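File shown: target-v7.cif. Contents: mmCIF, C-alpha atoms.
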data_model
#
loop_
_atom_site.label_atom_id
_atom_site.label_comp_id
_atom_site.auth_asym_id
_atom_site.auth_seq_id
_atom_site.Cartn_x
_atom_site.Cartn_y
_atom_site.Cartn_z
CA MET A 132 161.07 94.95 84.88
CA GLN A 133 157.34 94.50 84.35
CA VAL A 134 155.91 92.11 86.92
CA LEU A 135 152.26 92.75 86.01
CA PRO A 136 150.87 93.88 82.64
CA PRO A 137 149.75 97.56 82.74
CA ALA A 138 146.15 96.69 81.75
CA LEU A 139 145.90 94.44 84.80
CA GLN A 140 147.72 96.83 87.13
CA SER A 141 145.37 99.69 86.24
CA VAL A 142 142.32 97.53 87.01
CA ILE A 143 143.88 96.57 90.37
CA ASP A 144 144.68 100.20 91.22
CA ALA A 145 141.17 101.33 90.26
CA LEU A 146 139.42 98.58 92.25
CA ALA A 147 141.60 99.30 95.29
CA THR A 148 139.85 102.68 95.63
CA LEU A 149 136.61 100.95 96.67
CA PRO A 150 135.78 101.15 100.39
CA GLY A 151 137.36 98.33 102.39
CA VAL A 152 139.24 96.96 99.37
CA GLY A 153 143.01 96.67 99.79
CA PRO A 154 145.58 95.71 97.14
CA ARG A 155 145.19 91.97 97.83
CA THR A 156 141.41 92.00 97.42
CA ALA A 157 141.74 94.18 94.32
CA GLU A 158 144.19 91.63 92.87
CA ARG A 159 141.74 88.85 93.62
CA TYR A 160 138.85 90.70 91.93
CA ALA A 161 140.98 91.60 88.89
CA TYR A 162 142.32 88.08 88.42
CA PHE A 163 138.84 86.62 88.87
CA LEU A 164 137.50 88.95 86.17
CA PHE A 165 140.39 88.12 83.87
CA LYS A 166 139.81 84.38 84.23
CA ALA A 167 136.01 84.70 84.01
CA ASP A 168 134.11 85.06 80.77
CA PRO A 169 134.91 88.52 79.30
CA SER A 170 131.17 89.30 79.28
CA LEU A 171 131.35 89.71 83.07
CA ALA A 172 134.03 92.43 83.00
CA ARG A 173 132.10 94.05 80.16
CA ARG A 174 128.90 93.98 82.21
CA ILE A 175 130.53 95.76 85.16
CA SER A 176 132.31 98.15 82.81
CA GLU A 177 129.14 99.13 80.97
CA GLY A 178 127.16 99.38 84.19
CA LEU A 179 129.66 101.80 85.71
CA ALA A 180 129.83 103.83 82.50
CA GLY A 181 126.09 104.42 82.76
CA LEU A 182 125.89 104.94 86.52
CA HIS A 183 126.02 108.73 86.71
CA ASP A 184 123.92 109.23 83.61
CA GLY A 185 121.20 106.93 84.90
CA VAL A 186 120.81 107.85 88.55
CA ALA A 187 119.56 111.04 90.19
CA TYR A 188 118.02 112.17 93.48
CA CYS A 189 114.26 112.50 93.97
CA LYS A 190 113.49 116.21 94.38
CA LYS A 191 111.12 115.53 97.25
CA THR A 192 112.43 112.51 99.14
CA PHE A 193 116.10 112.51 98.02
CA ALA A 194 115.85 108.79 97.32
CA LEU A 195 117.86 107.52 94.34
CA ILE A 196 115.73 107.46 91.19
CA GLU A 197 116.08 107.01 87.45
CA LYS A 198 117.47 110.15 85.82
CA GLY A 199 114.76 111.95 83.89
CA LYS A 200 112.10 111.25 86.49
CA GLU A 201 111.40 113.97 89.01
CA PHE A 202 110.10 111.98 91.96
CA SER A 203 110.50 108.51 93.43
CA ASP A 204 107.76 105.97 92.74
CA LEU A 205 107.71 105.47 96.50
CA TYR A 206 106.46 109.04 96.74
CA THR A 207 104.16 109.41 93.73
CA ASP A 208 102.43 106.02 93.89
CA PRO A 209 98.85 106.54 95.10
CA SER A 210 99.16 103.53 97.41
CA ARG A 211 101.74 105.36 99.52
CA ASN A 212 100.54 107.55 102.37
CA LYS A 213 102.21 110.97 102.04
CA LYS A 214 101.07 111.96 105.52
CA LEU A 215 103.36 109.33 107.05
CA VAL A 216 107.08 109.95 106.50
CA ALA A 217 110.00 107.73 107.55
CA VAL A 218 113.17 109.79 107.92
CA VAL A 219 116.33 107.82 107.08
CA ALA A 220 120.00 108.72 106.84
CA GLU A 221 120.97 107.11 103.53
CA PRO A 222 119.13 105.98 100.37
CA PHE A 223 119.79 102.29 100.99
CA ASP A 224 118.01 102.45 104.34
CA ILE A 225 114.83 102.64 102.23
CA LEU A 226 115.64 99.20 100.80
CA ALA A 227 115.84 97.71 104.30
CA LEU A 228 112.47 99.18 105.32
CA GLU A 229 110.82 98.19 102.03
CA LYS A 230 111.89 94.60 102.61
CA THR A 231 109.68 94.44 105.71
CA ALA A 232 106.68 95.08 103.38
CA GLN A 233 105.03 96.66 106.44
CA PHE A 234 105.50 100.34 105.66
CA LYS A 235 103.06 102.09 103.36
CA GLY A 236 104.16 105.69 104.00
CA THR A 237 106.79 107.71 102.14
CA TYR A 238 110.47 108.34 102.85
CA HIS A 239 112.75 111.28 103.41
CA VAL A 240 116.49 110.74 103.00
CA LEU A 241 118.64 113.10 105.08
CA GLY A 242 121.81 112.35 103.10
CA GLY A 243 123.83 111.55 106.21
CA LEU A 244 123.79 112.16 109.95
CA VAL A 245 125.01 115.07 112.05
CA SER A 246 128.64 114.27 112.84
CA PRO A 247 130.89 117.10 114.05
CA ILE A 248 133.96 114.83 113.78
CA ASP A 249 133.36 114.41 110.02
CA GLY A 250 132.42 118.09 109.68
CA ILE A 251 128.77 117.32 108.90
CA GLY A 252 126.41 119.88 110.40
CA PRO A 253 122.60 119.80 110.21
CA GLU A 254 122.61 122.47 107.45
CA GLN A 255 124.25 119.91 105.10
CA LEU A 256 121.35 117.47 105.57
CA HIS A 257 117.92 117.69 103.93
CA ILE A 258 116.22 118.87 107.14
CA LYS A 259 114.91 122.17 105.75
CA GLU A 260 113.21 120.20 102.96
CA LEU A 261 111.68 117.86 105.53
CA LEU A 262 110.14 120.81 107.40
CA GLU A 263 108.75 122.15 104.10
CA ARG A 264 107.26 118.72 103.34
CA ILE A 265 105.55 118.62 106.73
CA ASP A 266 103.70 121.81 105.80
CA GLU A 267 103.08 121.07 102.09
CA ASP A 268 101.94 117.46 102.46
CA LYS A 269 100.15 118.05 105.78
CA VAL A 270 102.25 115.27 107.32
CA GLU A 271 100.63 113.66 110.36
CA GLU A 272 103.45 111.41 111.57
CA ILE A 273 107.23 111.44 111.23
CA ILE A 274 109.06 108.19 112.03
CA LEU A 275 112.66 108.99 112.90
CA ALA A 276 114.28 105.86 111.47
CA THR A 277 117.92 106.83 111.98
CA ASN A 278 120.59 104.40 113.20
CA ALA A 279 120.80 103.51 116.89
CA SER A 280 124.21 105.27 117.05
CA VAL A 281 125.30 108.50 118.75
CA GLU A 282 125.02 110.32 115.40
CA GLY A 283 121.64 108.75 114.70
CA GLU A 284 120.24 109.68 118.09
CA SER A 285 121.54 113.26 118.05
CA THR A 286 120.28 113.83 114.51
CA ALA A 287 116.86 112.54 115.58
CA LEU A 288 116.90 114.87 118.59
CA TYR A 289 117.86 117.84 116.40
CA ILE A 290 115.02 117.14 113.95
CA GLN A 291 112.58 116.77 116.85
CA GLN A 292 113.59 120.24 118.09
CA GLN A 293 113.26 121.73 114.59
CA ILE A 294 109.77 120.31 114.14
CA GLY A 295 108.97 122.13 117.39
CA GLU A 296 105.39 123.37 117.65
CA ARG A 297 104.17 121.85 114.38
CA ASN A 298 101.13 119.65 114.84
CA VAL A 299 102.78 116.33 113.85
CA LYS A 300 103.29 113.10 115.75
CA ILE A 301 106.93 112.10 116.08
CA SER A 302 107.87 108.46 116.64
CA ARG A 303 111.01 106.41 116.42
CA LEU A 304 111.77 102.77 115.74
CA ALA A 305 111.47 100.53 118.78
CA ARG A 306 114.70 99.62 120.54
CA GLY A 307 114.80 96.13 122.01
CA LEU A 308 115.95 92.59 121.54
CA PRO A 309 116.58 91.57 117.93
CA VAL A 310 114.53 88.54 116.93
CA GLY A 311 116.37 85.29 117.60
CA VAL A 312 118.90 86.72 120.05
CA ASP A 313 119.28 85.13 123.47
CA LEU A 314 118.81 87.40 126.45
CA GLU A 315 122.20 86.50 127.87
CA TYR A 316 123.97 87.68 124.71
CA ALA A 317 122.21 91.07 124.51
CA ASP A 318 124.36 94.04 125.56
CA GLN A 319 123.19 95.99 128.61
CA ILE A 320 122.12 99.12 126.72
CA THR A 321 119.91 97.10 124.35
CA LEU A 322 118.49 95.20 127.31
CA GLY A 323 117.86 98.48 129.19
CA ARG A 324 115.96 99.81 126.15
CA ALA A 325 113.99 96.59 125.92
CA LEU A 326 112.94 97.02 129.57
CA GLU A 327 111.97 100.67 129.06
CA GLY A 328 109.95 99.83 125.96
CA ARG A 329 108.27 96.70 127.34
CA THR A 330 104.74 96.07 126.09
CA LEU A 331 101.79 95.05 128.25
CA LEU A 332 100.16 91.78 127.29
CA MET B 190 107.15 99.99 92.11
CA GLN B 191 110.77 100.92 91.43
CA VAL B 192 112.76 100.97 94.67
CA LEU B 193 116.17 101.41 93.00
CA PRO B 194 116.89 103.01 89.60
CA PRO B 195 117.78 100.36 86.97
CA ALA B 196 121.21 101.92 86.28
CA LEU B 197 122.12 101.46 89.94
CA GLN B 198 120.56 98.03 90.23
CA SER B 199 122.53 96.74 87.25
CA VAL B 200 125.80 97.96 88.79
CA ILE B 201 124.90 96.26 92.08
CA ASP B 202 124.01 92.99 90.32
CA ALA B 203 127.22 93.07 88.28
CA LEU B 204 129.46 93.81 91.29
CA ALA B 205 127.75 91.06 93.32
CA THR B 206 129.31 88.50 90.94
CA LEU B 207 132.80 89.27 92.32
CA PRO B 208 134.19 86.60 94.67
CA GLY B 209 133.18 87.16 98.28
CA VAL B 210 130.92 90.11 97.40
CA GLY B 211 127.31 89.77 98.52
CA PRO B 212 124.39 92.11 97.75
CA ARG B 213 125.16 94.36 100.75
CA THR B 214 128.79 94.87 99.80
CA ALA B 215 127.81 95.41 96.17
CA GLU B 216 125.33 98.08 97.30
CA ARG B 217 128.05 99.76 99.33
CA TYR B 218 130.47 99.76 96.38
CA ALA B 219 127.82 101.06 93.97
CA TYR B 220 126.65 103.83 96.28
CA PHE B 221 130.25 104.82 97.03
CA LEU B 222 130.96 105.07 93.30
CA PHE B 223 127.78 107.06 92.72
CA LYS B 224 128.67 109.56 95.45
CA ALA B 225 132.35 109.73 94.45
CA ASP B 226 133.67 111.83 91.60
CA PRO B 227 132.40 110.27 88.30
CA SER B 228 136.02 109.99 87.14
CA LEU B 229 136.46 107.08 89.56
CA ALA B 230 133.62 104.97 88.09
CA ARG B 231 134.96 105.89 84.64
CA ARG B 232 138.45 104.74 85.63
CA ILE B 233 137.22 101.31 86.75
CA SER B 234 134.91 101.08 83.73
CA GLU B 235 137.67 101.84 81.23
CA GLY B 236 140.13 99.60 83.04
CA LEU B 237 137.77 96.64 82.85
CA ALA B 238 136.92 97.36 79.21
CA GLY B 239 140.60 97.00 78.36
CA LEU B 240 141.37 94.05 80.63
CA HIS B 241 141.02 91.17 78.19
CA ASP B 242 142.55 93.07 75.29
CA GLY B 243 145.59 94.00 77.33
CA VAL B 244 146.52 90.85 79.22
CA ALA B 245 147.79 87.50 77.97
CA TYR B 246 149.74 84.52 79.26
CA CYS B 247 153.50 84.17 78.76
CA LYS B 248 154.05 81.24 76.36
CA LYS B 249 156.93 79.90 78.45
CA THR B 250 156.15 80.69 82.10
CA PHE B 251 152.35 81.24 81.92
CA ALA B 252 152.74 84.43 83.93
CA LEU B 253 150.38 87.29 83.03
CA ILE B 254 151.93 89.63 80.48
CA GLU B 255 151.03 92.50 78.21
CA LYS B 256 149.17 91.27 75.15
CA GLY B 257 151.39 91.46 72.07
CA LYS B 258 154.47 90.35 73.98
CA GLU B 259 155.40 86.68 73.76
CA PHE B 260 157.31 86.19 76.99
CA SER B 261 157.39 87.66 80.48
CA ASP B 262 160.19 90.14 81.29
CA LEU B 263 160.87 87.92 84.27
CA TYR B 264 161.89 85.23 81.79
CA THR B 265 163.63 87.18 79.02
CA ASP B 266 165.59 89.61 81.17
CA PRO B 267 169.28 88.61 81.07
CA SER B 268 169.58 89.19 84.83
CA ARG B 269 167.25 86.25 85.50
CA ASN B 270 168.73 82.80 85.81
CA LYS B 271 166.81 80.44 83.50
CA LYS B 272 168.42 77.40 85.09
CA LEU B 273 166.59 78.11 88.37
CA VAL B 274 162.79 77.81 88.16
CA ALA B 275 160.25 78.51 90.91
CA VAL B 276 157.05 76.56 90.28
CA VAL B 277 153.94 78.38 91.57
CA ALA B 278 150.21 77.68 91.39
CA GLU B 279 148.85 81.07 90.31
CA PRO B 280 150.23 84.17 88.55
CA PHE B 281 149.93 86.39 91.66
CA ASP B 282 152.22 84.07 93.61
CA ILE B 283 154.98 85.58 91.46
CA LEU B 284 154.20 88.99 92.95
CA ALA B 285 154.67 87.65 96.47
CA LEU B 286 158.04 86.08 95.63
CA GLU B 287 159.23 89.18 93.70
CA LYS B 288 158.51 91.32 96.77
CA THR B 289 161.19 89.41 98.69
CA ALA B 290 163.71 90.72 96.12
CA GLN B 291 165.73 87.58 96.91
CA PHE B 292 164.90 85.45 93.93
CA LYS B 293 166.79 85.89 90.68
CA GLY B 294 165.58 82.80 88.85
CA THR B 295 162.54 82.45 86.60
CA TYR B 296 158.97 81.27 87.26
CA HIS B 297 156.62 78.62 86.01
CA VAL B 298 152.91 79.07 86.70
CA LEU B 299 150.97 75.81 86.91
CA GLY B 300 147.59 77.51 86.56
CA GLY B 301 146.16 75.82 89.64
CA LEU B 302 146.77 72.80 91.84
CA VAL B 303 145.70 69.18 91.53
CA SER B 304 142.31 69.00 93.24
CA PRO B 305 140.10 65.97 92.53
CA ILE B 306 137.20 67.65 94.39
CA ASP B 307 137.21 70.56 91.94
CA GLY B 308 137.83 68.20 89.03
CA ILE B 309 141.34 69.52 88.38
CA GLY B 310 143.72 66.78 87.31
CA PRO B 311 147.45 67.17 86.59
CA GLU B 312 146.81 67.16 82.83
CA GLN B 313 145.00 70.51 83.17
CA LEU B 314 148.09 72.14 84.71
CA HIS B 315 151.17 73.33 82.83
CA ILE B 316 153.28 70.40 84.00
CA LYS B 317 154.11 69.04 80.53
CA GLU B 318 155.48 72.48 79.62
CA LEU B 319 157.57 72.49 82.80
CA LEU B 320 159.16 69.17 81.84
CA GLU B 321 159.93 70.55 78.37
CA ARG B 322 161.51 73.64 79.94
CA ILE B 323 163.75 71.48 82.11
CA ASP B 324 165.19 69.94 78.96
CA GLU B 325 165.24 73.05 76.74
CA ASP B 326 166.68 75.49 79.29
CA LYS B 327 168.93 72.89 80.94
CA VAL B 328 167.32 73.70 84.28
CA GLU B 329 169.51 72.88 87.28
CA GLU B 330 167.11 73.51 90.14
CA ILE B 331 163.32 73.48 90.51
CA ILE B 332 161.88 75.16 93.60
CA LEU B 333 158.41 73.76 94.28
CA ALA B 334 156.79 76.92 95.69
CA THR B 335 153.22 75.64 95.99
CA ASN B 336 150.97 76.38 98.95
CA ALA B 337 151.43 74.48 102.20
CA SER B 338 148.00 72.88 101.67
CA VAL B 339 146.97 69.32 100.84
CA GLU B 340 146.57 70.32 97.16
CA GLY B 341 149.89 72.15 97.18
CA GLU B 342 151.74 69.24 98.73
CA SER B 343 150.22 66.59 96.45
CA THR B 344 150.84 68.68 93.34
CA ALA B 345 154.47 69.10 94.42
CA LEU B 346 154.76 65.34 94.95
CA TYR B 347 153.26 64.64 91.52
CA ILE B 348 155.71 67.01 89.81
CA GLN B 349 158.60 65.43 91.70
CA GLN B 350 157.56 62.01 90.35
CA GLN B 351 157.23 63.37 86.81
CA ILE B 352 160.69 64.90 86.89
CA GLY B 353 161.88 61.42 87.79
CA GLU B 354 165.34 60.54 86.52
CA ARG B 355 166.14 63.97 85.05
CA ASN B 356 169.35 65.43 86.41
CA VAL B 357 167.80 68.40 88.25
CA LYS B 358 167.83 69.39 91.91
CA ILE B 359 164.35 69.70 93.44
CA SER B 360 163.78 71.87 96.49
CA ARG B 361 160.79 73.30 98.27
CA LEU B 362 160.19 76.35 100.42
CA ALA B 363 161.11 75.88 104.07
CA ARG B 364 158.27 75.13 106.47
CA GLY B 365 158.62 76.60 109.92
CA LEU B 366 157.68 79.43 112.22
CA PRO B 367 156.54 82.62 110.45
CA VAL B 368 158.61 85.62 111.50
CA GLY B 369 157.09 87.41 114.51
CA VAL B 370 154.89 84.52 115.63
CA ASP B 371 155.14 83.29 119.21
CA LEU B 372 155.94 79.62 119.70
CA GLU B 373 152.87 79.11 121.86
CA TYR B 374 150.55 80.32 119.09
CA ALA B 375 152.02 78.12 116.36
CA ASP B 376 149.90 75.12 115.39
CA GLN B 377 151.39 71.69 116.02
CA ILE B 378 151.97 70.78 112.38
CA THR B 379 153.90 74.00 111.74
CA LEU B 380 155.91 73.42 114.90
CA GLY B 381 156.56 69.81 113.88
CA ARG B 382 157.88 71.03 110.51
CA ALA B 383 160.01 73.66 112.23
CA LEU B 384 161.59 70.93 114.37
CA GLU B 385 162.22 68.66 111.37
CA GLY B 386 163.79 71.52 109.42
CA ARG B 387 165.87 72.94 112.27
CA THR B 388 169.19 74.46 111.23
CA LEU B 389 172.50 73.89 113.01
CA LEU B 390 174.21 77.00 114.34
#
Using C-alpha cells, write down the structure from this file.
Amino acid sequence: MQVLPPALQSVIDALATLPGVGPRTAERYAYFLFKADPSLARRISEGLAGLHDGVAYCKKTFALIEKGKEFSDLYTDPSRNKKLVAVVAEPFDILALEKTAQFKGTYHVLGGLVSPIDGIGPEQLHIKELLERIDEDKVEEIILATNASVEGESTALYIQQQIGERNVKISRLARGLPVGVDLEYADQITLGRALEGRTLL
Amino acid sequence: MQVLPPALQSVIDALATLPGVGPRTAERYAYFLFKADPSLARRISEGLAGLHDGVAYCKKTFALIEKGKEFSDLYTDPSRNKKLVAVVAEPFDILALEKTAQFKGTYHVLGGLVSPIDGIGPEQLHIKELLERIDEDKVEEIILATNASVEGESTALYIQQQIGERNVKISRLARGLPVGVDLEYADQITLGRALEGRTLL
C-alpha cells in the first residue's frame, strides 16, 4: 500500500542525504516545498542543476570561483596584498574573514586539515602549492588562520615546519576571550591563552 | 569583488528559504553538495523538479497521493475500514500512525488546526468534508488524533460540536506517560492526564 506518493518519497530520500538531515527533517523540508509556491522548489532545483557547471577552484588560492575564471577576485584584485597570505582550512572560512572587512591580503585554502583518524595526511592538502606561492609571490607574512582545534593546531605546526628557513613571517590568529563573553564562563584553556597573549596598555 | 561564485550563492540563497535553515546551514548544505558526487545534487534537483507534477491531494481524505490517482490507497484498499476514521492535522501524521501498524481504519487530513493567531479558522480546514464523509460512508467511529496542543484540543472540540447529534462514536488518543519516561520527569499536566485516564487491572 502506498503511504506516500513516489514523487514526494524520492524528494525526502534525496534531502535526507544532506549532512545533519534525518528522515523527519527531510519530510519537513519536502512538505514545506510542496505547500510553498512551486517557484521555490524550481529555484532550488535549477540552482542545484547548475552547481557543478558553475563553480570551480581558483588555481592559486583554491577558493571557490566562477567556472571559466582562472583565479579568485580576492587574489587578482590590485587592492589585495599578495605578500600577505591567510591560510584557511575550507573555502567558507574566507567568507568569515572577509566579513571583518579588516583583511586586505590574499587567501590560501588548504582543502581540509591534517586528521589521521579521517585518513587525511598533509600530502592531500594544498601545502606544496602554498610553499610555491611563498617563493613566486615573494610572500612576507603567512597568517595561519586554522581552527583552534587539535587538527587545526597540528596542521599549523606542520606548515610552520615546512616553511622552515624561508624568509617569511609566520603569525596566527590571537587566542583569547571572545567579545561579549564573561570571564567566569570562559573555559580554562581559553582563559590560559588569554593570559599568555595579554597585551600591555 | 566576488567572494562566492554566483552559481554557489544562488544555491545557498535558495536553500536558506527552507524552514529552520539559516545562511550558515545553507552554506554547509551547498558546500557538501558541491564536494559530493554531482549525481547527488542532480538527484535532489530532479526530485524537486518533479515534486508538484507528481503529488496531489486525495479528494476524500486529503492525504498526499500520486497525481493522476483520485483517492489514497489507504482509503480505497478493501482491507481498510471506512467506518473508522482517524482525523489528523497534517498529511505526515498519517505516516506516524501507519508506523504503529495497529490502525486499520481510514484517515481524514484537516490541513491544519484552528489557530486564530495564524488566521486559520475552521472554515479553512476540511471539516465540512469530514461531516459529509460521516454521512456517505456511514462512519461509526471518529478518532480525533490531533496534537496535544491548545490548537489541537480546540480543533478537536470544534469538530465534536459540529458532529453534534450524528450517531457516531467520538474518541481521542489517550493522554498519559510516554513509554520509557520516568514518572519524576513527566510534566504535571501529562501526569494529571495519566491519573484521569488510569486503567483498572
Name the residues in contact with Thr295 in chain B at a cut-off of 12 Å, using all atoms listed in the file, excluding same-chain residues fewer than 2 positions from it; report them as a VMD selection string.
(chain A and resid 134) or (chain B and resid 249 to 252 260 to 277 283 286 to 287 291 to 293 297 to 298 319 322 to 323 326 328 to 332)
Write down, as a ChimeraX atom specification, each residue of chain A that has any atom within 6 Å of an atom of chain B, counting only C-alpha atoms.
/A:136,138,142,145,172-173,175-176,178-180,182,185,196-197
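Proximity to Thr286 in chain A was assessed for A:His257, A:Lys300, A:Arg306, A:Lys200 counting all atoms listed in the file; the smallest distance is recorded for A:His257.
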Using Å and a single decimal, report how far CA of Val312 in chain A sits from CA of Arg329 in chain A.
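Calculated distance between CA of Arg329 in chain A and CA of Val312 in chain A is 16.3 Å.
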To one decimal place, how far is CA of Ala337 in chain B from CA of Gly301 in chain B in Å?
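One can read the CA of Ala337 in chain B to CA of Gly301 in chain B distance as 13.7 Å.
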Enter the distance from CA of Ser302 in chain A to CA of Tyr289 in chain A, in Å, rounded to one decimal.
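For CA of Ser302 in chain A relative to CA of Tyr289 in chain A, the distance reads 13.7 Å.
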Please give the centre and size of the box around range 219-233 of chain A (axis-aligned, containing every atom listed in the file, 3 Å added per side), with values in Å to one decimal and written as AutoDock Vina command-line options.
--center_x 113.0 --center_y 101.6 --center_z 103.7 --size_x 21.9 --size_y 20.3 --size_z 12.7
Resolved residues for the PyMOL selection byres ((chain B and resi 378-382) around 12) as a list in words
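Written out, the selection comes to Ala337, Ser338, Leu362, Ala363, Arg364, Gly365, Leu366, Pro367, Val370, Asp371, Leu372, Glu373, Tyr374, Ala375, Asp376, Gln377, Ala383, Leu384, Glu385, Gly386, Arg387 and Thr388 of chain B.
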Take the residues just selected and output them with C-alpha atoms as a PDB file, in the frame of the given file.
ATOM      1  CA  ALA B 337     151.430  74.480 102.200  1.00  0.00           C
ATOM      2  CA  SER B 338     148.000  72.880 101.670  1.00  0.00           C
ATOM      3  CA  LEU B 362     160.190  76.350 100.420  1.00  0.00           C
ATOM      4  CA  ALA B 363     161.110  75.880 104.070  1.00  0.00           C
ATOM      5  CA  ARG B 364     158.270  75.130 106.470  1.00  0.00           C
ATOM      6  CA  GLY B 365     158.620  76.600 109.920  1.00  0.00           C
ATOM      7  CA  LEU B 366     157.680  79.430 112.220  1.00  0.00           C
ATOM      8  CA  PRO B 367     156.540  82.620 110.450  1.00  0.00           C
ATOM      9  CA  VAL B 370     154.890  84.520 115.630  1.00  0.00           C
ATOM     10  CA  ASP B 371     155.140  83.290 119.210  1.00  0.00           C
ATOM     11  CA  LEU B 372     155.940  79.620 119.700  1.00  0.00           C
ATOM     12  CA  GLU B 373     152.870  79.110 121.860  1.00  0.00           C
ATOM     13  CA  TYR B 374     150.550  80.320 119.090  1.00  0.00           C
ATOM     14  CA  ALA B 375     152.020  78.120 116.360  1.00  0.00           C
ATOM     15  CA  ASP B 376     149.900  75.120 115.390  1.00  0.00           C
ATOM     16  CA  GLN B 377     151.390  71.690 116.020  1.00  0.00           C
ATOM     17  CA  ALA B 383     160.010  73.660 112.230  1.00  0.00           C
ATOM     18  CA  LEU B 384     161.590  70.930 114.370  1.00  0.00           C
ATOM     19  CA  GLU B 385     162.220  68.660 111.370  1.00  0.00           C
ATOM     20  CA  GLY B 386     163.790  71.520 109.420  1.00  0.00           C
ATOM     21  CA  ARG B 387     165.870  72.940 112.270  1.00  0.00           C
ATOM     22  CA  THR B 388     169.190  74.460 111.230  1.00  0.00           C
TER      23      THR B 388
END
Enumerate, as a compact mmCIF listing (two decimals) with C-alpha atoms, keeping the file's coordinate frame, the protein, DNA and RNA residues whose atoms approach (147.1, 75.8, 88.5) to within 6 Å, taking into account only C-alpha atoms and the coordinate frame of the file.
# COMPACT_ATOMS: atom_id res chain seq x y z
CA ALA B 278 150.21 77.68 91.39
CA GLU B 279 148.85 81.07 90.31
CA LEU B 299 150.97 75.81 86.91
CA GLY B 300 147.59 77.51 86.56
CA GLY B 301 146.16 75.82 89.64
CA LEU B 302 146.77 72.80 91.84
CA LEU B 314 148.09 72.14 84.71
Taking all atoms listed in the file into account, name the residue in B:Lys327, B:Gly310, B:Cys247, B:Glu340 that is nearest to Tyr296 in chain B.
B:Cys247
Student task, range 261-274 of chain A output with N, CA, C and O atoms as a CSV table (one decimal), in the first residue's frame:
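Dumped everything to out27.csv:
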chain,number,residue,atom,x,y,z
A,261,LEU,N,51.2,26.1,-1.4
A,261,LEU,CA,51.4,27.3,-0.6
A,261,LEU,C,52.9,27.6,-0.6
A,261,LEU,O,53.3,28.8,-0.7
A,262,LEU,N,53.8,26.6,-0.5
A,262,LEU,CA,55.2,26.8,-0.5
A,262,LEU,C,55.7,27.4,-1.8
A,262,LEU,O,56.5,28.4,-1.8
A,263,GLU,N,55.1,27.0,-2.9
A,263,GLU,CA,55.4,27.6,-4.2
A,263,GLU,C,55.0,29.0,-4.3
A,263,GLU,O,55.7,29.9,-4.8
A,264,ARG,N,53.8,29.3,-3.7
A,264,ARG,CA,53.3,30.7,-3.7
A,264,ARG,C,54.3,31.6,-2.9
A,264,ARG,O,54.5,32.8,-3.3
A,265,ILE,N,54.8,31.1,-1.8
A,265,ILE,CA,55.7,31.9,-0.9
A,265,ILE,C,56.9,32.4,-1.8
A,265,ILE,O,57.3,33.6,-1.7
A,266,ASP,N,57.4,31.5,-2.6
A,266,ASP,CA,58.5,31.8,-3.5
A,266,ASP,C,58.1,32.7,-4.6
A,266,ASP,O,58.7,33.8,-4.9
A,267,GLU,N,57.0,32.3,-5.4
A,267,GLU,CA,56.6,33.1,-6.5
A,267,GLU,C,56.2,34.5,-6.2
A,267,GLU,O,56.5,35.4,-6.9
A,268,ASP,N,55.3,34.6,-5.2
A,268,ASP,CA,54.7,35.9,-4.9
A,268,ASP,C,55.6,36.7,-3.9
A,268,ASP,O,55.2,37.8,-3.4
A,269,LYS,N,56.7,36.2,-3.5
A,269,LYS,CA,57.6,36.8,-2.5
A,269,LYS,C,56.8,37.2,-1.3
A,269,LYS,O,56.8,38.3,-0.8
A,270,VAL,N,56.1,36.2,-0.7
A,270,VAL,CA,55.2,36.4,0.4
A,270,VAL,C,56.1,36.8,1.6
A,270,VAL,O,57.1,36.3,1.9
A,271,GLU,N,55.6,37.8,2.3
A,271,GLU,CA,56.3,38.4,3.5
A,271,GLU,C,55.7,37.9,4.8
A,271,GLU,O,56.4,37.7,5.8
A,272,GLU,N,54.4,37.6,4.8
A,272,GLU,CA,53.8,37.1,6.1
A,272,GLU,C,52.7,36.1,5.7
A,272,GLU,O,51.8,36.3,4.9
A,273,ILE,N,52.7,35.0,6.5
A,273,ILE,CA,51.7,34.0,6.4
A,273,ILE,C,50.9,34.0,7.7
A,273,ILE,O,51.5,33.9,8.8
A,274,ILE,N,49.6,34.2,7.7
A,274,ILE,CA,48.8,34.1,8.9
A,274,ILE,C,48.1,32.7,8.9
A,274,ILE,O,47.3,32.4,8.0
